[in-house]
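Report on one structure; see the data block that follows.
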Amino acid sequence: MKRAFKPGTLIYPLPALMVSCGNSPENYNIITVAWTGTICSDPPMCYISVRKERHSYPIIKETGEFVLNLTTEELALATDWCGVKSGREVNKFKQMHLTPEKGQVVQAPLIAESPLNIECKVFEIKELGSHDMFLAEVVAVNAEEKLIDATTGVFQLNHAHPIAYSHGKYYKLGEKIGSFGFSVKKRK
């Protein structure tokens, strides 16, 4: 039996990402988002949704750039802290001992401690309700060398111990239960 529930955002778990923005050290900032995802693979595109009142909103709107920085168990404290503190009042890079690093394409800084940084250029802003959606093209990806399988060239995110966000809580990911297509793969 199921109970009727009011409409809401109950699609969980979600990635917990630190999004870095700014085009000079004076306006570098980090915002934590869970409203994010892939929207196209060819060309690669993604989105983030941000409230207009957030400090990062005008920075991203003005510069048209941001970096998605994947988070890990090791970065969980910084991920949460950067989501509850405002960049108007604190320098999040300094306070969390995170290192801004130059990217390949965008001026927004990468977070050096993140195992994967996805550089993005905004091509459209959709005004929605509580959040506006920044639709962006992925223009560069920076992966930690030690997490790339030497034989296959595949980025092994599971070795970075990523975290997810689910209805106000952070979780580490569990064990693999299958790979894409396992349900139809012929058994040997």
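In the structure tokens, chains take the letters A, B, ... in the order shown, each chain's residues start at 1, and ligands count up from 1 in the order shown.
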Give me the residues near Ile125 of chain A as a count of residues only, where near means some atom within 10 Å (using only C-alpha atoms) and where sequence neighbours in that chain fewer than 4 positions away do not count. 10
If we count only C-alpha atoms and set the cut-off at 7 Å, which residues sit around Lys92 of chain A, ignoring sequence neighbours fewer than 2 positions away in its own chain? Please answer as a PyMOL selection string. chain A and resi 29-30+82+87+90+94-96
Would you kindly return, as number ranges by chain, each protein, DNA or RNA residue with an atom no farther than 10 Å from any atom of segment 100-112 of chain A, considering only C-alpha atoms and excluding same-chain residues fewer than 5 positions away? A: 18-25, 27-30, 59-60, 63-71, 93-94, 117-121, 139-142, 144
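Put simply, atom CA of Gly83 of chain A is 28.9 Å away from atom CA of Ile148 of chain A.
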Going by DSSP on the backbone, which bits of chain A are helix (DSSP H, G or I)? Write them as a PyMOL selection string, please. chain A and resi 25-27+56-63+73-84+92-95+145-147+157-160
Residues just named, written with N, CA and C atoms as a short mmCIF file (atom, residue, chain, number, x, y, z; two decimals), in the first residue's frame:
data_model
loop_
_atom_site.label_atom_id
_atom_site.label_comp_id
_atom_site.auth_asym_id
_atom_site.auth_seq_id
_atom_site.Cartn_x
_atom_site.Cartn_y
_atom_site.Cartn_z
N PRO A 25 41.18 35.73 -8.18
CA PRO A 25 41.22 35.33 -6.76
C PRO A 25 40.32 36.17 -5.85
N GLU A 26 40.08 37.40 -6.22
CA GLU A 26 39.24 38.28 -5.39
C GLU A 26 37.77 37.83 -5.36
N ASN A 27 37.29 37.17 -6.41
CA ASN A 27 35.89 36.75 -6.40
C ASN A 27 35.72 35.23 -6.52
N SER A 56 27.07 32.95 -5.12
CA SER A 56 27.66 32.47 -6.38
C SER A 56 26.80 32.78 -7.60
N TYR A 57 25.51 32.98 -7.40
CA TYR A 57 24.60 33.18 -8.53
C TYR A 57 25.07 34.31 -9.46
N PRO A 58 25.25 35.55 -8.95
CA PRO A 58 25.67 36.62 -9.87
C PRO A 58 27.07 36.40 -10.45
N ILE A 59 27.92 35.71 -9.71
CA ILE A 59 29.28 35.44 -10.22
C ILE A 59 29.19 34.53 -11.45
N ILE A 60 28.42 33.46 -11.33
CA ILE A 60 28.26 32.53 -12.46
C ILE A 60 27.53 33.21 -13.61
N LYS A 61 26.50 33.99 -13.29
CA LYS A 61 25.74 34.68 -14.33
C LYS A 61 26.63 35.66 -15.10
N GLU A 62 27.48 36.39 -14.38
CA GLU A 62 28.35 37.38 -15.02
C GLU A 62 29.49 36.74 -15.82
N THR A 63 30.14 35.73 -15.24
CA THR A 63 31.30 35.13 -15.91
C THR A 63 30.91 34.08 -16.95
N GLU A 73 34.68 11.19 0.41
CA GLU A 73 34.55 11.08 1.87
C GLU A 73 35.50 12.06 2.55
N GLU A 74 36.71 12.17 2.02
CA GLU A 74 37.72 13.07 2.59
C GLU A 74 37.29 14.54 2.50
N LEU A 75 36.49 14.87 1.50
CA LEU A 75 36.03 16.25 1.29
C LEU A 75 34.63 16.51 1.87
N ALA A 76 34.06 15.55 2.58
CA ALA A 76 32.68 15.67 3.07
C ALA A 76 32.48 16.90 3.97
N LEU A 77 33.40 17.13 4.90
CA LEU A 77 33.27 18.28 5.80
C LEU A 77 33.29 19.59 5.01
N ALA A 78 34.25 19.72 4.09
CA ALA A 78 34.34 20.93 3.26
C ALA A 78 33.11 21.08 2.38
N THR A 79 32.61 19.97 1.87
CA THR A 79 31.42 20.00 1.01
C THR A 79 30.24 20.58 1.77
N ASP A 80 30.01 20.08 2.97
CA ASP A 80 28.90 20.59 3.77
C ASP A 80 29.13 22.04 4.18
N TRP A 81 30.33 22.35 4.67
CA TRP A 81 30.64 23.70 5.15
C TRP A 81 30.46 24.73 4.04
N CYS A 82 30.91 24.39 2.83
CA CYS A 82 30.79 25.33 1.71
C CYS A 82 29.33 25.51 1.28
N GLY A 83 28.47 24.61 1.72
CA GLY A 83 27.04 24.73 1.42
C GLY A 83 26.27 25.54 2.44
N VAL A 84 26.80 25.65 3.65
CA VAL A 84 26.07 26.39 4.69
C VAL A 84 26.67 27.77 4.99
N LYS A 92 36.04 30.74 1.30
CA LYS A 92 35.86 29.29 1.50
C LYS A 92 37.12 28.50 1.16
N PHE A 93 37.86 28.92 0.15
CA PHE A 93 39.12 28.23 -0.17
C PHE A 93 40.05 28.28 1.04
N LYS A 94 40.22 29.48 1.60
CA LYS A 94 41.13 29.66 2.73
C LYS A 94 40.65 28.92 3.97
N GLN A 95 39.38 29.10 4.31
CA GLN A 95 38.84 28.49 5.53
C GLN A 95 38.87 26.97 5.51
N GLU A 145 45.41 11.57 -11.98
CA GLU A 145 46.14 10.52 -12.71
C GLU A 145 46.07 9.15 -12.03
N LYS A 146 46.23 9.11 -10.71
CA LYS A 146 46.26 7.82 -10.01
C LYS A 146 44.92 7.09 -10.04
N LEU A 147 43.86 7.77 -10.45
CA LEU A 147 42.54 7.13 -10.53
C LEU A 147 42.20 6.65 -11.94
N LEU A 157 36.22 6.23 -10.51
CA LEU A 157 35.67 7.09 -9.47
C LEU A 157 35.49 6.36 -8.15
N ASN A 158 35.13 5.07 -8.21
CA ASN A 158 34.91 4.32 -6.97
C ASN A 158 36.15 4.31 -6.07
N HIS A 159 37.34 4.40 -6.64
CA HIS A 159 38.57 4.43 -5.84
C HIS A 159 38.76 5.77 -5.12
N ALA A 160 38.00 6.78 -5.52
CA ALA A 160 38.09 8.09 -4.87
C ALA A 160 37.16 8.19 -3.66
#
